[in-house]
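Below is the file work_29.json, which contains JSON, C-alpha atoms.
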```
[["chain", "number", "residue", "atom", "x", "y", "z"],
["A", 462, "MET", "CA", -3.93, -0.10, 12.09],
["A", 463, "PRO", "CA", -4.64, -2.10, 15.28],
["A", 464, "ALA", "CA", -5.61, -5.19, 13.27],
["A", 465, "LEU", "CA", -2.42, -4.95, 11.22],
["A", 466, "GLN", "CA", -0.30, -4.48, 14.33],
["A", 467, "ALA", "CA", -2.01, -7.48, 15.92],
["A", 468, "LEU", "CA", -1.00, -9.68, 12.97],
["A", 469, "ILE", "CA", 2.58, -8.49, 13.36],
["A", 470, "ASP", "CA", 2.55, -8.99, 17.13],
["A", 471, "GLN", "CA", 1.11, -12.49, 16.68],
["A", 472, "ASN", "CA", 3.99, -13.31, 14.29],
["A", 473, "LYS", "CA", 1.72, -13.83, 11.27],
["A", 474, "PRO", "CA", 3.90, -12.30, 8.56],
["A", 475, "GLU", "CA", 2.09, -14.14, 5.75],
["A", 476, "GLU", "CA", -1.26, -12.67, 6.75],
["A", 477, "ALA", "CA", -0.14, -9.05, 7.16],
["A", 478, "PRO", "CA", 0.52, -8.30, 3.46],
["A", 479, "GLU", "CA", -2.79, -9.92, 2.52],
["A", 480, "PHE", "CA", -4.57, -7.79, 5.11],
["A", 481, "VAL", "CA", -2.98, -4.57, 3.86],
["A", 482, "MET", "CA", -3.57, -5.39, 0.21],
["A", 483, "THR", "CA", -7.23, -6.39, 0.64],
["A", 484, "LYS", "CA", -8.39, -3.99, 3.36],
["A", 485, "ILE", "CA", -6.39, -0.92, 2.34],
["A", 486, "GLY", "CA", -5.51, -1.55, -1.29],
["A", 487, "GLY", "CA", -8.64, -3.36, -2.44],
["A", 488, "THR", "CA", -6.62, -6.14, -4.07],
["A", 489, "THR", "CA", -8.47, -9.33, -4.97],
["A", 490, "LYS", "CA", -7.63, -12.73, -3.49],
["A", 491, "GLY", "CA", -6.80, -13.97, -6.99],
["A", 492, "ASP", "CA", -4.28, -11.18, -7.53],
["A", 493, "ILE", "CA", -2.69, -11.87, -4.15],
["A", 494, "ASP", "CA", -2.45, -15.58, -4.94],
["A", 495, "GLY", "CA", -0.66, -14.65, -8.16],
["A", 496, "LEU", "CA", 1.71, -12.34, -6.31],
["A", 497, "LYS", "CA", 2.55, -15.13, -3.87],
["A", 498, "ARG", "CA", 4.01, -17.08, -6.79],
["A", 499, "THR", "CA", 6.47, -14.31, -7.68],
["A", 500, "PRO", "CA", 9.93, -13.53, -6.27],
["A", 501, "LEU", "CA", 8.48, -10.32, -4.82],
["A", 502, "TRP", "CA", 6.42, -12.10, -2.15],
["A", 503, "PRO", "CA", 9.31, -13.17, 0.16],
["A", 504, "SER", "CA", 10.57, -9.57, 0.12],
["A", 505, "MET", "CA", 7.15, -8.35, 1.17],
["A", 506, "ILE", "CA", 7.11, -10.82, 4.05],
["A", 507, "ARG", "CA", 10.51, -9.55, 5.24],
["A", 508, "LEU", "CA", 9.20, -5.96, 5.20],
["A", 509, "VAL", "CA", 6.09, -6.67, 7.26],
["A", 510, "PRO", "CA", 7.54, -5.12, 10.47],
["A", 511, "VAL", "CA", 7.79, -1.69, 8.79],
["A", 512, "PHE", "CA", 4.28, -1.72, 7.29],
["A", 513, "PRO", "CA", 2.67, 0.30, 10.14],
["A", 514, "ARG", "CA", 5.36, 2.99, 9.99],
["A", 515, "GLU", "CA", 5.11, 3.26, 6.21],
["A", 516, "ILE", "CA", 1.32, 3.44, 6.25],
["A", 517, "ARG", "CA", 1.36, 6.16, 8.92],
["A", 518, "PHE", "CA", 3.87, 8.10, 6.82],
["A", 519, "LEU", "CA", 1.78, 7.80, 3.65],
["A", 520, "ASP", "CA", -1.29, 8.84, 5.61],
["A", 521, "GLN", "CA", 0.42, 12.11, 6.53],
["A", 522, "LEU", "CA", 1.35, 13.12, 2.99],
["A", 523, "THR", "CA", -0.65, 16.12, 1.85],
["A", 524, "TRP", "CA", 0.58, 17.15, -1.57],
["A", 525, "THR", "CA", -1.10, 20.23, -2.96],
["A", 526, "ARG", "CA", -1.84, 20.90, -6.59],
["A", 527, "GLN", "CA", 0.77, 23.71, -6.51],
["A", 528, "GLN", "CA", 3.46, 21.38, -5.18],
["A", 529, "MET", "CA", 2.71, 18.85, -7.89],
["A", 530, "GLN", "CA", 2.79, 21.54, -10.60],
["A", 531, "ALA", "CA", 6.16, 22.75, -9.30],
["A", 532, "LEU", "CA", 7.83, 19.38, -9.92],
["A", 533, "ARG", "CA", 10.47, 19.68, -12.61],
["A", 534, "CYS", "CA", 11.26, 16.02, -13.09],
["A", 535, "ARG", "CA", 9.77, 13.09, -14.93],
["A", 536, "THR", "CA", 6.78, 11.73, -13.00],
["A", 537, "TRP", "CA", 4.30, 8.92, -13.35],
["A", 538, "MET", "CA", 0.63, 9.32, -12.62],
["A", 539, "LEU", "CA", -1.34, 6.18, -11.95],
["A", 540, "LEU", "CA", -5.04, 6.32, -12.62],
["A", 541, "GLY", "CA", -7.43, 3.61, -11.54],
["A", 542, "SER", "CA", -10.42, 2.55, -13.53],
["A", 543, "LEU", "CA", -12.58, 1.43, -10.61],
["A", 544, "SER", "CA", -12.63, 4.52, -8.42],
["A", 545, "GLU", "CA", -13.52, 8.11, -9.09],
["A", 546, "PRO", "CA", -10.80, 10.77, -8.83],
["A", 547, "ARG", "CA", -10.81, 12.71, -5.61],
["A", 548, "PRO", "CA", -12.05, 16.29, -6.12],
["A", 549, "ASP", "CA", -9.10, 17.76, -4.20],
["A", 550, "TYR", "CA", -6.60, 16.67, -6.86]]
```
Whole structure, structure tokens version:
Amino acid sequence: MPALQALIDQNKPEEAPEFVMTKIGGTTKGDIDGLKRTPLWPSMIRLVPVFPREIRFLDQLTWTRQQMQALRCRTWMLLGSLSEPRPDY
């Protein structure tokens, strides 16, 4: 988090999404370069100031299996092919 906040404090909004996507999300440079060519990229740059707050919030989420089973709405489950599932899910 300090490195991300430093990028924000140094007014480097182009570098912050790359940092988050590579260091936290494991996104490749090639995928980021492709994303930069989409209309989504400028929106991501505008949202850079809220990145730390959003990451801290996501870090605090602790869904239990029982809470997930109690959902009574349509949900999507994303499964990655490069990492093993966590045993607590």
Nearest to Ile469 of chain A among A:Gln528, A:Val509, A:Arg533, A:Gly486, with distances taken over only C-alpha atoms: which residue is it?
A:Val509
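Between atom CA of Val481 of chain A and atom CA of Arg535 of chain A there is a distance of 28.8 Å.
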For atom CA of Leu496 of chain A and atom CA of Lys473 of chain A, the interatomic separation in Å (one decimal)
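Result for atom CA of Leu496 of chain A versus atom CA of Lys473 of chain A: 17.6 Å, one decimal.
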Rank A:Arg526, A:Lys484, A:Phe518, A:Pro474 by their smallest atom-to-atom distance to Trp502 of chain A, using all atoms listed in the file, and report the top residue only.
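Among the listed residues, A:Pro474 lies closest to Trp502 of chain A.
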Separation of atom CA of Thr488 of chain A from atom CA of Leu501 of chain A in Å:
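Computed distance, atom CA of Leu501 of chain A to atom CA of Thr488 of chain A, equals 15.7 Å.
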Non-local contacts of Ala464 of chain A (12 Å; all atoms listed in the file; under 6 positions in same chain excluded) as a VMD selection string:
chain A and resid 470 to 471 473 476 to 478 480 to 481 484 to 485 513
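Closest to Ile506 of chain A among A:Gln527, A:Gln466, A:Gln521, A:Asn472 is A:Asn472, based on only C-alpha atoms.
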Could you check which of A:Met505, A:Leu519, A:Leu532, A:Val511 is closest to Glu475 of chain A, using only C-alpha atoms?
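The shortest atom-to-atom distance to Glu475 of chain A comes from A:Met505.
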